[in-house]
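Undergrad: Following this message is one structure expressed as structure tokens.
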Amino acid sequence: MWNSFKTDDDHLGISAGITTYRAGNGDETHTYVVRPTTDGPVPGIVLVHHMPGWDEFTQEFAERLGRHGYLVTCPDLYCRFGHGTPDDVAAKVRSEGGVHDDSVVADCEAAAQWLRQDPQCSGKLGIIGPCSGGRHALLVASRVGGFDAVVDLWGGGVIMPDDQLTPARPVAPITYTADLDAPLLGIFGNDDQSPTPAQVDEHQAELEKHGKTFEFHRYDGAGHGFFYYHTPMYRQEQAMDAWDKVFTFFDSHLKR
Amino acid sequence: MCTMIAVTSPVTGTGKGAEGWFPITQATVGYDHATHSGTAHALLLDFTNYDLGLDARVAVELDLDSGRALLAQLQSAIEAAEASGQVA
């Protein structure tokens, strides 16, 4: 639960900053790491940033997870495209058709391995992302495996008709449903156009067909990106309820 | 939603950015999450020269009606230019 900490908790706090790690292809790339201030081991979470890039919203998202007792690493998936303001970098990526799914999978797999080797990590691992990051979180969990929990926040493009496949996104993540070996939490807005409620239904049916453990929560009065407090897409009531769903899910699968 | 709608083409021209005028070599037109326009989505026009760095970029975000109007203006101006016989 958000805002439920004890005011006399000696371990209240985080440290956060940018470091580098050996990402996919052995490349040294940036990652934003948030560490809770605690003596004991804590679960790790790979945070997958959204299409607008490795931005301030993403850093604050990581810090929120850290405040709830998770060691978080958030790789800069656009690091190889160059550096500048997040919107300048995202524009470069957009002009090249987006970051390749294989690159994201490799970078996130390496990030998970980095977490496992960190002395503070308990060994339990989750992965989460909003928007394209939700799609990528599901894709990584399905293709790499070994995660203990995965959260897809309104990831569009899980279901992709053939005419929407691109060189950077050549396979629809739903194709890998049988390979998903972690419980899945999905958070969606019923006014979203990608994924539409019908696509969420289709995804749910595929998960049920393969006997997967999952829970989907769908919110009326919300569309895409309803956590984004810096945009008109923000929906306070739905966002705060969904944040509680995220913490409950991660706590149950990663802290017990 | 992330539409991933974006089309890129080479162009010849100049643009004025934070550091002054520079040659632009590429234009990308997309429709996706807006960065600064206060709407969920926008037409995203980027005029860039990545040989000069990622900040060698003139960025514009427009709503669809404005995009249609701009398209008509461009078409009208191009036709008038061609009719004038003063095409460079």
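Convention: chains lettered A, B, ... in structure tokens order; per-chain residue numbering from 1; ligands numbered from 1 as shown.
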Got a sec to tell me which of region 5-111 of chain A DSSP assigns to strand (DSSP E), as a list in words?

TA: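 These are the residues in question: Ile14, Ser15, Ala16, Gly17, Ile18, Thr19, Thr20, Tyr21, Arg22, Glu28, Thr29, His30, Thr31, Tyr32, Val33, Val34, Arg35, Pro36, Val42, Pro43, Gly44, Ile45, Val46, Leu47, Leu71, Val72, Thr73, Cys74 and Pro75 of chain A.
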
Undergrad: What are the closest atom pairs, with distances in Å to one decimal, for each residue of chain A lying within 8 Å of chain B, using only C-alpha atoms, rows by chain and rising residue number, as CSV?

TA:
```
residue,atom,partner,partner_atom,distance
A:Met51,CA,B:Cys2,CA,7.0
A:Pro52,CA,B:His33,CA,7.2
A:Gly82,CA,B:Leu54,CA,7.1
A:His83,CA,B:Leu54,CA,6.9
A:Gly84,CA,B:Leu54,CA,6.2
A:Thr85,CA,B:Asp55,CA,7.8
A:Asp87,CA,B:Thr35,CA,6.9
A:Asp88,CA,B:Leu54,CA,5.9
A:Val89,CA,B:Leu54,CA,6.5
A:Ala91,CA,B:Asp46,CA,7.3
A:Lys92,CA,B:Leu54,CA,7.1
A:Arg94,CA,B:Ala6,CA,6.6
A:Ser95,CA,B:Thr8,CA,5.8
A:Glu96,CA,B:Thr8,CA,7.7
A:Gly97,CA,B:Ala6,CA,7.0
A:Gly98,CA,B:Met4,CA,7.5
A:Cys131,CA,B:Cys2,CA,6.7
A:Ser132,CA,B:Cys2,CA,6.5
A:Gly156,CA,B:Met1,CA,6.4
A:Asp192,CA,B:Met1,CA,7.0
A:Gln193,CA,B:Met1,CA,6.5
A:Ser194,CA,B:Met1,CA,5.2
A:Pro195,CA,B:Met1,CA,7.5
A:His224,CA,B:Met1,CA,5.5
A:Gly225,CA,B:Met1,CA,7.4
A:Thr231,CA,B:Gly38,CA,6.4
A:Pro232,CA,B:Thr39,CA,6.3
A:Met233,CA,B:Ala40,CA,6.3
```

Undergrad: If you run DSSP over the backbone, which residues in region 75-131 of chain A end up helix (DSSP H, G or I)? Put them as a PyMOL selection string.

TA: chain A and resi 79-81+86-95+101-116

Undergrad: Based on the selection just made, write N, CA, C and O atoms of those residues as a JSON list (two decimals), in the first residue's frame.

TA:
```
[["chain", "number", "residue", "atom", "x", "y", "z"],
["A", 79, "CYS", "N", 20.21, 3.57, -25.10],
["A", 79, "CYS", "CA", 21.57, 4.07, -24.86],
["A", 79, "CYS", "C", 22.42, 4.06, -26.13],
["A", 79, "CYS", "O", 23.22, 4.97, -26.36],
["A", 80, "ARG", "N", 22.22, 3.05, -26.96],
["A", 80, "ARG", "CA", 23.06, 2.92, -28.16],
["A", 80, "ARG", "C", 22.69, 3.94, -29.24],
["A", 80, "ARG", "O", 23.42, 4.08, -30.23],
["A", 81, "PHE", "N", 21.57, 4.62, -29.10],
["A", 81, "PHE", "CA", 21.14, 5.60, -30.10],
["A", 81, "PHE", "C", 21.78, 6.97, -29.88],
["A", 81, "PHE", "O", 21.62, 7.86, -30.71],
["A", 86, "PRO", "N", 15.60, 13.35, -23.06],
["A", 86, "PRO", "CA", 14.83, 12.14, -23.38],
["A", 86, "PRO", "C", 14.02, 12.27, -24.66],
["A", 86, "PRO", "O", 13.93, 11.31, -25.45],
["A", 87, "ASP", "N", 13.45, 13.44, -24.92],
["A", 87, "ASP", "CA", 12.61, 13.55, -26.13],
["A", 87, "ASP", "C", 13.47, 13.60, -27.40],
["A", 87, "ASP", "O", 13.05, 13.10, -28.45],
["A", 88, "ASP", "N", 14.68, 14.16, -27.31],
["A", 88, "ASP", "CA", 15.57, 14.13, -28.47],
["A", 88, "ASP", "C", 16.00, 12.70, -28.78],
["A", 88, "ASP", "O", 16.07, 12.29, -29.94],
["A", 89, "VAL", "N", 16.32, 11.95, -27.73],
["A", 89, "VAL", "CA", 16.73, 10.55, -27.94],
["A", 89, "VAL", "C", 15.56, 9.75, -28.49],
["A", 89, "VAL", "O", 15.71, 8.96, -29.45],
["A", 90, "ALA", "N", 14.37, 9.94, -27.91],
["A", 90, "ALA", "CA", 13.20, 9.19, -28.38],
["A", 90, "ALA", "C", 12.88, 9.52, -29.84],
["A", 90, "ALA", "O", 12.44, 8.65, -30.59],
["A", 91, "ALA", "N", 13.11, 10.77, -30.24],
["A", 91, "ALA", "CA", 12.88, 11.15, -31.63],
["A", 91, "ALA", "C", 13.82, 10.40, -32.56],
["A", 91, "ALA", "O", 13.44, 9.97, -33.65],
["A", 92, "LYS", "N", 15.08, 10.25, -32.14],
["A", 92, "LYS", "CA", 16.05, 9.49, -32.95],
["A", 92, "LYS", "C", 15.60, 8.04, -33.09],
["A", 92, "LYS", "O", 15.64, 7.46, -34.18],
["A", 93, "VAL", "N", 15.18, 7.46, -31.98],
["A", 93, "VAL", "CA", 14.72, 6.07, -32.00],
["A", 93, "VAL", "C", 13.50, 5.94, -32.91],
["A", 93, "VAL", "O", 13.39, 5.01, -33.71],
["A", 94, "ARG", "N", 12.59, 6.89, -32.78],
["A", 94, "ARG", "CA", 11.36, 6.87, -33.61],
["A", 94, "ARG", "C", 11.72, 6.94, -35.09],
["A", 94, "ARG", "O", 11.12, 6.24, -35.91],
["A", 95, "SER", "N", 12.70, 7.76, -35.41],
["A", 95, "SER", "CA", 13.08, 7.93, -36.82],
["A", 95, "SER", "C", 13.69, 6.66, -37.41],
["A", 95, "SER", "O", 13.74, 6.49, -38.62],
["A", 101, "ASP", "N", 13.08, -5.52, -30.70],
["A", 101, "ASP", "CA", 12.68, -6.40, -29.60],
["A", 101, "ASP", "C", 13.85, -7.24, -29.09],
["A", 101, "ASP", "O", 13.99, -7.45, -27.88],
["A", 102, "ASP", "N", 14.67, -7.75, -29.99],
["A", 102, "ASP", "CA", 15.78, -8.60, -29.57],
["A", 102, "ASP", "C", 16.76, -7.83, -28.69],
["A", 102, "ASP", "O", 17.35, -8.39, -27.75],
["A", 103, "SER", "N", 16.96, -6.56, -29.00],
["A", 103, "SER", "CA", 17.86, -5.72, -28.21],
["A", 103, "SER", "C", 17.30, -5.54, -26.80],
["A", 103, "SER", "O", 18.03, -5.62, -25.81],
["A", 104, "VAL", "N", 15.98, -5.31, -26.71],
["A", 104, "VAL", "CA", 15.34, -5.13, -25.40],
["A", 104, "VAL", "C", 15.44, -6.42, -24.58],
["A", 104, "VAL", "O", 15.78, -6.39, -23.39],
["A", 105, "VAL", "N", 15.15, -7.53, -25.22],
["A", 105, "VAL", "CA", 15.20, -8.81, -24.51],
["A", 105, "VAL", "C", 16.61, -9.07, -23.98],
["A", 105, "VAL", "O", 16.80, -9.46, -22.81],
["A", 106, "ALA", "N", 17.61, -8.82, -24.80],
["A", 106, "ALA", "CA", 18.99, -9.07, -24.38],
["A", 106, "ALA", "C", 19.39, -8.14, -23.23],
["A", 106, "ALA", "O", 20.04, -8.57, -22.26],
["A", 107, "ASP", "N", 19.02, -6.86, -23.33],
["A", 107, "ASP", "CA", 19.37, -5.90, -22.27],
["A", 107, "ASP", "C", 18.67, -6.24, -20.95],
["A", 107, "ASP", "O", 19.27, -6.11, -19.87],
["A", 108, "CYS", "N", 17.42, -6.66, -21.03],
["A", 108, "CYS", "CA", 16.67, -6.98, -19.80],
["A", 108, "CYS", "C", 17.14, -8.31, -19.20],
["A", 108, "CYS", "O", 17.16, -8.47, -17.98],
["A", 109, "GLU", "N", 17.50, -9.25, -20.05],
["A", 109, "GLU", "CA", 18.05, -10.50, -19.53],
["A", 109, "GLU", "C", 19.35, -10.22, -18.78],
["A", 109, "GLU", "O", 19.59, -10.76, -17.69],
["A", 110, "ALA", "N", 20.17, -9.36, -19.35],
["A", 110, "ALA", "CA", 21.42, -8.99, -18.68],
["A", 110, "ALA", "C", 21.15, -8.22, -17.39],
["A", 110, "ALA", "O", 21.87, -8.38, -16.40],
["A", 111, "ALA", "N", 20.11, -7.40, -17.39],
["A", 111, "ALA", "CA", 19.76, -6.65, -16.18],
["A", 111, "ALA", "C", 19.31, -7.60, -15.08],
["A", 111, "ALA", "O", 19.63, -7.41, -13.90],
["A", 112, "ALA", "N", 18.56, -8.63, -15.46],
["A", 112, "ALA", "CA", 18.13, -9.63, -14.47],
["A", 112, "ALA", "C", 19.34, -10.35, -13.89],
["A", 112, "ALA", "O", 19.42, -10.59, -12.67],
["A", 113, "GLN", "N", 20.28, -10.68, -14.74],
["A", 113, "GLN", "CA", 21.49, -11.35, -14.27],
["A", 113, "GLN", "C", 22.29, -10.44, -13.36],
["A", 113, "GLN", "O", 22.84, -10.89, -12.34],
["A", 114, "TRP", "N", 22.34, -9.15, -13.70],
["A", 114, "TRP", "CA", 23.03, -8.16, -12.85],
["A", 114, "TRP", "C", 22.39, -8.12, -11.46],
["A", 114, "TRP", "O", 23.08, -8.07, -10.44],
["A", 115, "LEU", "N", 21.06, -8.17, -11.42],
["A", 115, "LEU", "CA", 20.37, -8.16, -10.12],
["A", 115, "LEU", "C", 20.70, -9.42, -9.32],
["A", 115, "LEU", "O", 20.98, -9.35, -8.12],
["A", 116, "ARG", "N", 20.67, -10.56, -9.99],
["A", 116, "ARG", "CA", 20.92, -11.82, -9.27],
["A", 116, "ARG", "C", 22.31, -11.83, -8.62],
["A", 116, "ARG", "O", 22.51, -12.46, -7.59]]
```

Undergrad: From the set A:Gly129, A:Pro197, A:Gly157, A:Gly186, which residue has the shortest atom-to-atom contact distance to Phe216 (chain A), counting only C-alpha atoms?

TA: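 Of the candidates, the smallest distance to Phe216 (chain A) is held by A:Gly186.
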
Undergrad: Counting only C-alpha atoms, figure out which residue out of B:Ala83, B:Leu74, B:Tyr31, B:Ala88 gets nearest to Glu61 (chain B).

TA: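 Comparing B:Ala83, B:Leu74, B:Tyr31, B:Ala88 against Glu61 (chain B), the winner is B:Tyr31.
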
Undergrad: Out of A:Leu153, A:Val34, A:Val158, A:Ala168, which residue has the shortest atom-to-atom distance to His217 (chain A) when counting only C-alpha atoms?

TA: A:Leu153

Undergrad: Provide the CA of Gly53 (chain A) to CA of Pro130 (chain A) distance in Å, to one decimal place.

TA: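 One can read the CA of Gly53 (chain A) to CA of Pro130 (chain A) distance as 11.1 Å.
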
Undergrad: What is the distance between CA of Gln59 (chain A) and CA of Leu139 (chain A), in Å to one decimal?

TA: 21.7 Å

Undergrad: What's the 8 Å shell around region 159-163 of chain A, counting only C-alpha atoms, without same-chain residues fewer than 6 positions away, as an mmCIF file with C-alpha atoms, in the first residue's frame?

TA:
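Produced file around12.cif, reproduced below:
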```
data_model
loop_
_atom_site.group_PDB
_atom_site.id
_atom_site.type_symbol
_atom_site.label_atom_id
_atom_site.label_comp_id
_atom_site.auth_asym_id
_atom_site.auth_seq_id
_atom_site.Cartn_x
_atom_site.Cartn_y
_atom_site.Cartn_z
ATOM 1 C CA VAL A 171 6.744 -11.265 -33.599
ATOM 2 C CA ALA A 172 3.629 -10.598 -31.514
ATOM 3 C CA PRO A 173 4.344 -11.345 -27.837
ATOM 4 C CA ILE A 174 1.125 -13.355 -27.512
ATOM 5 C CA GLN A 199 -7.535 -7.409 -27.352
ATOM 6 C CA HIS A 203 -4.984 -12.147 -24.409
#
```
